[in-house]
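Trainee: Input file: coords_15.cif. Contents: mmCIF, C-alpha atoms.
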data_work
loop_
_atom_site.label_atom_id
_atom_site.label_comp_id
_atom_site.auth_asym_id
_atom_site.auth_seq_id
_atom_site.Cartn_x
_atom_site.Cartn_y
_atom_site.Cartn_z
CA GLN Y 636 1.23 -4.98 28.56
CA ASP Y 637 2.99 -6.38 31.61
CA ASP Y 638 0.99 -9.62 31.68
CA ILE Y 639 2.19 -10.90 28.27
CA SER Y 640 4.19 -14.12 28.60
CA THR Y 641 5.51 -16.92 26.42
CA ALA Y 642 2.24 -18.76 27.14
CA SER Y 643 0.03 -15.88 25.96
CA ASN Y 644 -2.18 -16.55 22.96
CA PHE Y 645 -1.24 -14.55 19.85
CA PHE Y 646 -4.86 -14.20 18.72
CA GLU Y 647 -6.30 -13.43 22.16
CA LEU Y 648 -3.85 -10.50 22.32
CA GLY Y 649 -5.31 -9.06 19.12
CA GLY Y 650 -3.48 -11.02 16.43
CA ASP Y 651 -5.35 -11.71 13.21
CA SER Y 652 -4.69 -13.37 9.85
CA LEU Y 653 -2.80 -10.32 8.49
CA SER Y 654 -0.49 -10.04 11.51
CA ALA Y 655 -0.04 -13.83 11.36
CA ILE Y 656 1.21 -13.46 7.76
CA ASN Y 657 3.61 -10.77 8.97
CA LEU Y 658 4.82 -13.04 11.78
CA SER Y 659 5.30 -15.92 9.34
CA MET Y 660 7.45 -13.69 7.10
CA GLN Y 661 9.55 -12.46 10.03
CA ILE Y 662 10.19 -16.04 11.18
CA TYR Y 663 11.27 -16.95 7.65
CA ASN Y 664 13.58 -13.93 7.35
CA LYS Y 665 15.14 -14.61 10.76
CA PHE Y 666 15.47 -18.41 10.75
CA ASN Y 667 14.99 -19.37 7.06
CA ILE Y 668 12.20 -21.68 8.25
CA GLN Y 669 8.73 -21.75 6.73
CA ILE Y 670 6.00 -21.54 9.34
CA GLY Y 671 2.59 -21.28 7.68
CA ILE Y 672 -0.48 -19.40 8.87
CA LYS Y 673 -2.11 -22.72 9.75
CA ASP Y 674 0.87 -23.51 12.00
CA ILE Y 675 0.42 -20.22 13.86
CA PHE Y 676 -3.28 -20.95 14.39
CA ASN Y 677 -2.38 -24.41 15.74
CA ALA Y 678 0.52 -23.09 17.85
CA PRO Y 679 -0.53 -19.56 18.92
CA THR Y 680 1.88 -19.17 21.87
CA ILE Y 681 5.62 -18.45 21.88
CA ILE Y 682 6.31 -21.78 23.65
CA GLU Y 683 4.42 -23.77 21.02
CA LEU Y 684 5.86 -21.78 18.11
CA ALA Y 685 9.40 -22.19 19.47
CA LYS Y 686 8.95 -25.99 19.47
CA LYS Y 687 7.58 -25.82 15.94
CA ILE Y 688 10.57 -23.77 14.77
CA GLU Y 689 13.02 -26.06 16.57
CA ASN Y 690 11.55 -29.16 14.91
CA SER Y 691 11.37 -27.63 11.44
CA LYS Y 692 14.02 -27.97 8.77
CA VAL Y 693 15.79 -24.98 7.27
CA SER Y 694 14.08 -24.14 4.01
CA THR Y 695 15.78 -25.07 0.76
CA ASN Y 696 13.12 -23.22 -1.21
CA GLU Y 697 14.76 -21.45 -4.14
CA ASN Y 698 11.50 -19.81 -5.15
CA LYS Y 699 12.43 -16.44 -3.72
CA ILE Y 700 11.59 -12.97 -4.98
CA HIS Y 701 14.56 -11.34 -6.71
CA LYS Y 702 15.20 -7.91 -8.18
CA VAL Y 703 14.35 -7.89 -11.88
CA ASP Y 704 16.18 -6.07 -14.65
CA ASN Y 705 14.90 -2.70 -15.82
CA ASP Y 706 12.42 -2.88 -18.67
CA ILE Y 707 9.95 -0.70 -20.58
CA TYR Y 708 7.05 -2.20 -18.61
CA TYR Y 709 6.29 -5.04 -16.20
CA PRO Y 710 3.37 -7.41 -15.56
CA VAL Y 711 0.87 -6.48 -12.88
CA SER Y 712 -0.02 -8.69 -9.94
CA SER Y 713 -3.39 -10.44 -9.89
CA ALA Y 714 -4.54 -7.96 -7.22
CA GLN Y 715 -3.54 -5.00 -9.40
CA ARG Y 716 -5.28 -6.48 -12.44
CA ARG Y 717 -8.54 -6.89 -10.50
CA MET Y 718 -8.18 -3.37 -9.13
CA TYR Y 719 -7.52 -1.87 -12.57
CA TYR Y 720 -10.57 -3.43 -14.21
CA SER Y 721 -12.82 -2.74 -11.21
CA ALA Y 722 -11.73 0.90 -11.20
CA SER Y 723 -12.28 1.11 -14.98
CA VAL Y 724 -15.82 -0.25 -14.65
CA ASP Y 725 -16.56 2.16 -11.82
CA GLY Y 726 -15.60 5.14 -13.99
CA LYS Y 727 -12.98 7.87 -14.09
CA LYS Y 728 -14.83 10.08 -11.62
CA SER Y 729 -14.89 7.48 -8.87
CA THR Y 730 -12.93 7.77 -5.61
CA LEU Y 731 -14.02 4.31 -4.45
CA TYR Y 732 -10.45 2.98 -4.49
CA ASN Y 733 -8.79 6.00 -2.88
CA ILE Y 734 -6.96 5.44 0.39
CA SER Y 735 -6.52 8.62 2.37
CA GLY Y 736 -5.24 9.75 5.74
CA GLY Y 737 -3.07 12.33 7.37
CA LEU Y 738 -1.59 13.98 10.42
CA LYS Y 739 -2.65 16.95 12.50
CA LEU Y 740 0.50 18.94 13.34
CA ASP Y 741 1.06 21.35 16.22
CA LYS Y 742 2.67 23.89 13.92
CA MET Y 743 3.25 24.67 10.26
CA PRO Y 744 6.30 22.71 9.01
CA ASP Y 745 9.03 24.00 6.69
CA VAL Y 746 7.37 23.36 3.30
CA ASP Y 747 10.61 23.24 1.25
CA ARG Y 748 12.15 20.78 3.68
CA LEU Y 749 8.99 18.64 3.69
CA GLU Y 750 8.86 18.56 -0.11
CA LYS Y 751 12.52 17.43 -0.25
CA CYS Y 752 11.64 14.57 2.12
CA PHE Y 753 8.75 13.47 -0.08
CA ARG Y 754 10.90 13.69 -3.23
CA LYS Y 755 13.53 11.48 -1.61
CA ILE Y 756 10.89 8.87 -0.70
CA ILE Y 757 9.46 9.07 -4.24
CA ASN Y 758 12.90 8.56 -5.81
CA GLU Y 759 13.56 5.51 -3.63
CA ASN Y 760 10.12 3.87 -3.98
CA GLU Y 761 9.11 2.81 -7.48
CA SER Y 762 5.47 2.28 -6.46
CA LEU Y 763 5.12 6.03 -6.01
CA ARG Y 764 6.26 6.51 -9.63
CA THR Y 765 4.12 3.73 -11.09
CA TYR Y 766 1.29 4.13 -13.61
CA PHE Y 767 -0.74 1.69 -15.70
CA GLU Y 768 -1.46 1.21 -19.40
CA VAL Y 769 -2.75 -1.55 -21.69
CA GLU Y 770 -0.20 -3.31 -23.93
CA ASP Y 771 -1.18 -6.15 -26.28
CA GLY Y 772 -4.59 -6.44 -24.65
CA ASP Y 773 -3.35 -6.72 -21.07
CA VAL Y 774 -2.78 -4.14 -18.37
CA VAL Y 775 0.88 -3.53 -17.43
CA GLN Y 776 2.67 -1.30 -14.97
CA LYS Y 777 5.23 1.29 -16.02
CA ILE Y 778 7.60 3.28 -13.85
CA SER Y 779 8.57 6.89 -14.49
CA ASN Y 780 12.22 7.68 -13.85
CA GLN Y 781 11.27 11.08 -12.49
CA ILE Y 782 8.02 12.82 -11.66
CA GLU Y 783 7.01 16.34 -10.80
CA PHE Y 784 5.90 16.59 -7.20
CA HIS Y 785 4.65 19.54 -5.18
CA ILE Y 786 2.71 19.79 -1.95
CA GLU Y 787 -0.59 21.58 -2.41
CA LEU Y 788 -0.87 24.45 0.07
CA GLU Y 789 -4.01 25.99 1.53
CA LYS Y 790 -5.03 28.22 4.41
CA ASP Y 791 -8.33 27.28 6.01
CA ILE Y 792 -9.23 28.55 9.46
CA LYS Y 793 -13.03 28.16 9.15
CA SER Y 794 -13.80 24.64 7.87
CA ASN Y 795 -13.57 21.60 10.11
CA ILE Y 796 -11.03 18.84 9.43
CA GLU Y 797 -13.70 16.46 8.11
CA GLU Y 798 -14.77 18.95 5.44
CA ILE Y 799 -11.20 19.75 4.42
CA ALA Y 800 -10.33 16.06 4.06
CA GLN Y 801 -13.48 15.32 2.07
CA LYS Y 802 -12.76 18.10 -0.45
CA PHE Y 803 -9.17 16.87 -0.83
CA ILE Y 804 -10.06 13.36 -2.06
CA LYS Y 805 -10.32 13.32 -5.87
CA PRO Y 806 -10.28 10.71 -8.68
CA PHE Y 807 -6.98 9.51 -10.19
CA ASP Y 808 -6.09 8.84 -13.82
CA LEU Y 809 -4.32 5.45 -13.63
CA SER Y 810 -2.30 6.24 -16.76
CA LYS Y 811 -0.52 9.17 -15.08
CA ALA Y 812 1.98 9.11 -12.23
CA PRO Y 813 2.03 9.89 -9.41
CA LEU Y 814 -1.08 8.10 -8.18
CA PHE Y 815 -0.96 9.97 -4.91
CA ARG Y 816 -1.20 13.57 -3.78
CA VAL Y 817 -0.25 15.54 -0.68
CA LYS Y 818 -1.80 18.66 0.77
CA LEU Y 819 -0.74 20.89 3.66
CA VAL Y 820 -3.46 22.99 5.24
CA GLU Y 821 -2.73 25.85 7.63
CA LEU Y 822 -5.34 25.85 10.40
CA LYS Y 823 -6.11 28.34 13.13
CA ASN Y 824 -3.87 28.62 16.24
CA GLU Y 825 -0.77 27.93 14.06
CA LYS Y 826 -1.71 24.24 13.72
CA SER Y 827 -1.65 22.46 10.36
CA LEU Y 828 -3.00 19.40 8.61
CA LEU Y 829 -0.93 17.10 6.36
CA LEU Y 830 -3.19 15.08 4.07
CA ILE Y 831 -2.26 12.14 1.81
CA ASP Y 832 -4.51 10.61 -0.85
CA MET Y 833 -3.41 7.48 -2.76
CA HIS Y 834 -4.94 5.00 -5.17
CA HIS Y 835 -5.36 1.49 -3.80
CA ILE Y 836 -3.61 0.02 -6.89
CA ILE Y 837 -0.23 1.22 -5.52
CA SER Y 838 -0.98 1.07 -1.80
CA ASP Y 839 -2.77 -0.76 0.99
CA GLY Y 840 -4.01 0.00 4.47
CA THR Y 841 -0.53 0.23 5.99
CA THR Y 842 1.06 2.31 3.23
CA ILE Y 843 0.11 5.73 4.59
CA LYS Y 844 1.34 4.77 8.06
CA ILE Y 845 4.71 3.67 6.63
CA LEU Y 846 4.92 6.75 4.42
CA THR Y 847 4.19 9.25 7.23
CA ASN Y 848 6.63 7.42 9.51
CA GLN Y 849 9.43 7.64 6.91
CA ILE Y 850 8.67 11.30 6.15
CA SER Y 851 8.81 12.06 9.89
CA LYS Y 852 12.20 10.36 10.19
CA LEU Y 853 13.67 12.17 7.19
CA TYR Y 854 12.28 15.52 8.30
CA ASN Y 855 13.98 15.03 11.67
CA GLY Y 856 17.33 14.11 10.11
CA GLN Y 857 17.12 10.33 10.54
CA ASN Y 858 17.93 7.70 7.92
CA VAL Y 859 15.37 5.47 6.22
CA GLU Y 860 16.25 1.98 4.97
CA ASN Y 861 15.83 1.29 1.27
CA ASN Y 862 13.61 -1.59 0.13
CA ALA Y 863 15.39 -4.82 -0.77
CA ILE Y 864 12.75 -5.46 -3.45
CA ASP Y 865 10.02 -3.42 -5.12
CA TYR Y 866 6.42 -4.33 -5.88
CA LYS Y 867 7.21 -4.94 -9.56
CA ASP Y 868 9.64 -7.67 -8.41
CA PHE Y 869 6.79 -9.37 -6.57
CA ALA Y 870 4.49 -9.02 -9.60
CA VAL Y 871 7.09 -10.67 -11.88
CA TRP Y 872 7.60 -13.45 -9.29
CA GLU Y 873 3.85 -14.05 -8.93
CA ASN Y 874 3.31 -14.21 -12.71
CA SER Y 875 6.23 -16.61 -13.04
CA ASN Y 876 4.70 -18.88 -10.40
CA MET Y 877 1.38 -18.87 -12.23
CA LYS Y 878 3.06 -19.84 -15.51
CA ASN Y 879 5.31 -22.59 -14.17
CA GLY Y 880 2.48 -24.35 -12.32
CA ASN Y 881 3.44 -23.59 -8.72
CA CYS Y 882 -0.16 -22.55 -8.03
CA LYS Y 883 -1.74 -25.52 -9.85
CA GLU Y 884 -2.59 -27.42 -6.66
CA SER Y 885 -4.43 -24.42 -5.20
CA GLU Y 886 -6.16 -23.75 -8.50
CA ASP Y 887 -7.35 -27.36 -8.78
CA TYR Y 888 -8.65 -27.22 -5.21
CA TRP Y 889 -10.83 -24.17 -5.81
CA GLN Y 890 -12.00 -25.45 -9.19
CA GLN Y 891 -13.19 -28.55 -7.36
CA GLN Y 892 -14.86 -26.52 -4.61
CA PHE Y 893 -16.92 -24.61 -7.18
CA GLU Y 894 -17.50 -27.48 -9.58
CA ASP Y 895 -21.24 -26.98 -9.19
CA LYS Y 896 -22.92 -23.58 -9.18
CA ILE Y 897 -21.57 -21.11 -6.64
CA PRO Y 898 -24.18 -20.98 -3.84
CA ILE Y 899 -26.05 -17.71 -3.52
CA LEU Y 900 -25.70 -16.14 -0.11
CA GLU Y 901 -29.18 -15.20 1.08
CA LEU Y 902 -29.05 -12.46 3.71
CA PRO Y 903 -31.96 -10.50 5.19
CA LEU Y 904 -32.06 -7.03 3.61
CA ASP Y 905 -33.68 -3.74 4.56
CA TYR Y 906 -33.77 -2.61 0.92
CA VAL Y 907 -33.68 -4.29 -2.47
CA ARG Y 908 -30.08 -4.72 -3.61
CA PRO Y 909 -29.38 -2.53 -6.67
CA ALA Y 910 -27.83 -3.92 -9.86
CA LYS Y 911 -24.80 -1.69 -9.24
CA GLN Y 912 -23.45 -0.81 -5.81
CA SER Y 913 -23.39 2.90 -5.05
CA PHE Y 914 -21.36 2.81 -1.79
#
Could I get this file's structure written as structure tokens?
Mentor:
Amino acid sequence: QDDISTASNFFELGGDSLSAINLSMQIYNKFNIQIGIKDIFNAPTIIELAKKIENSKVSTNENKIHKVDNDIYYPVSSAQRRMYYSASVDGKKSTLYNISGGLKLDKMPDVDRLEKCFRKIINENESLRTYFEVEDGDVVQKISNQIEFHIELEKDIKSNIEEIAQKFIKPFDLSKAPLFRVKLVELKNEKSLLLIDMHHIISDGTTIKILTNQISKLYNGQNVENNAIDYKDFAVWENSNMKNGNCKESEDYWQQQFEDKIPILELPLDYVRPAKQSF
């Protein structure tokens, strides 16, 4: 937009809490200064943020995420642990935690070349080789050194894209890597459909966008930057913080907030809420 200025409001332009977190991280990486989400809400323009950055001290925080040594298995993050047990309760046939998406292409790509691009991304991203098992009563993540990967191929000139995508989404076994699959469908008029299905335990809403962007770059002969850290490094860091008491203040706060019974949210309903959600 041409009317964006240093006095424009970050949130009025479409910013939200997630993009504010991203902005906070970028400021830290660039200036080594910690600007919290609350600061961005209180100073939502470039002018106000610039003053905040200028008046802030360079961080001396040593609590950074570092690469960890290779091991047989690694702890999971709190988000992964919740996801694992929720998925287990929901059953092995559930696709509730699948994240899927794809691209409609103007022509059929070179399948061998596309598979090589995916294999390169898989080799360089441990999350795409991660699976989960229970060790000593707790869920852990393990990383395969190498996995078999092939793009599923299909020719479908009759079904619509919605039907093709719906048939493609299937349950995952969390104990087997990879926890994602790729399918290439040849459509009529020489067009094609590239579909990606992933489990939420190794991905989030932006993962497919990043993955398709990197595949596109590699397919077109461009380089892709390697990650400085992997998700297992974050999981180890988070668990360490929980053990050494860095989260104690936050924990005490929420314990105090829910000291009494958690209030029941009463909302008007069209139907009686079932004991188990069906989605």
Trainee: For the atom pair atom CA of Asp651 of chain Y and atom CA of Ile639 of chain Y, what is the interatomic distance in Å to one decimal place?
Mentor: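 Spanning atom CA of Asp651 of chain Y to atom CA of Ile639 of chain Y is a straight-line distance of 16.9 Å.
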Trainee: Determine, counting all atoms listed in the file, which protein, DNA and RNA residues have an atom within 12 Å of an atom of segment 878-895 of chain Y; residues of the same chain fewer than 6 positions away are not included. Present the result as JSON, numbers by chain.
Mentor: {"Y": [698, 871, 872]}
Trainee: Restricting it to C-alpha atoms, dump the selection as a PDB file, in the frame of the given file.
Mentor:
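Here's the written file part-v5.pdb:
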ATOM      1  CA  ASN Y 698      11.500 -19.810  -5.150  1.00  0.00           C
ATOM      2  CA  VAL Y 871       7.090 -10.670 -11.880  1.00  0.00           C
ATOM      3  CA  TRP Y 872       7.600 -13.450  -9.290  1.00  0.00           C
TER       4      TRP Y 872
END
Trainee: Would you write out, as a PyMOL selection string, every residue that the PyMOL selection byres ((chain Y and resi 873) around 12) captures in this file?
Mentor: chain Y and resi 698-701+709-715+866-872+874-882
Trainee: Which residues fall under the PyMOL selection byres ((chain Y and resi 705-708) around 9) in this file, as number ranges by chain?
Mentor: Y: 703-704, 709-710, 775-778
Trainee: So what does the PyMOL selection byres ((chain Y and resi 641) around 8) actually pick up in this one, as a short mmCIF file (atom, residue, chain, number, x, y, z; two decimals) with C-alpha atoms, in the coordinates of the input?
Mentor:
data_model
loop_
_atom_site.label_atom_id
_atom_site.label_comp_id
_atom_site.auth_asym_id
_atom_site.auth_seq_id
_atom_site.Cartn_x
_atom_site.Cartn_y
_atom_site.Cartn_z
CA ILE Y 639 2.19 -10.90 28.27
CA SER Y 640 4.19 -14.12 28.60
CA ALA Y 642 2.24 -18.76 27.14
CA SER Y 643 0.03 -15.88 25.96
CA THR Y 680 1.88 -19.17 21.87
CA ILE Y 681 5.62 -18.45 21.88
CA ILE Y 682 6.31 -21.78 23.65
#
Trainee: With all atoms listed in the file as the counted atoms, please give the residues lying no more than 7 Å from segment 804-821 of chain Y, apart from itself and same-chain residues fewer than 2 positions off, as number ranges by chain.
Mentor: Y: 727-730, 743, 763-768, 786-791, 800-802, 823, 826-834
Trainee: Which neighbours of Thr841 of chain Y fall inside 12 Å, counting only C-alpha atoms, when residues of the same chain fewer than 4 positions from it are skipped, and could you give them as an MDAnalysis selection string?
Mentor: chainID Y and resid 653:654 734:736 833 835 837 845:848
Trainee: List as a PyMOL selection string the residues having at least one atom at most 12 Å from position (-22.7, -6.7, -11.5) as given in the file, counting only C-alpha atoms.
Mentor: chain Y and resi 721+724-725+908-913
Trainee: Pick from Y:Lys793, Y:His785, Y:Lys896, Y:Lys751: nearest to Leu853 of chain Y, with all atoms listed in the file counted?
Mentor: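 For Leu853 of chain Y, the nearest of the candidates is Y:Lys751.
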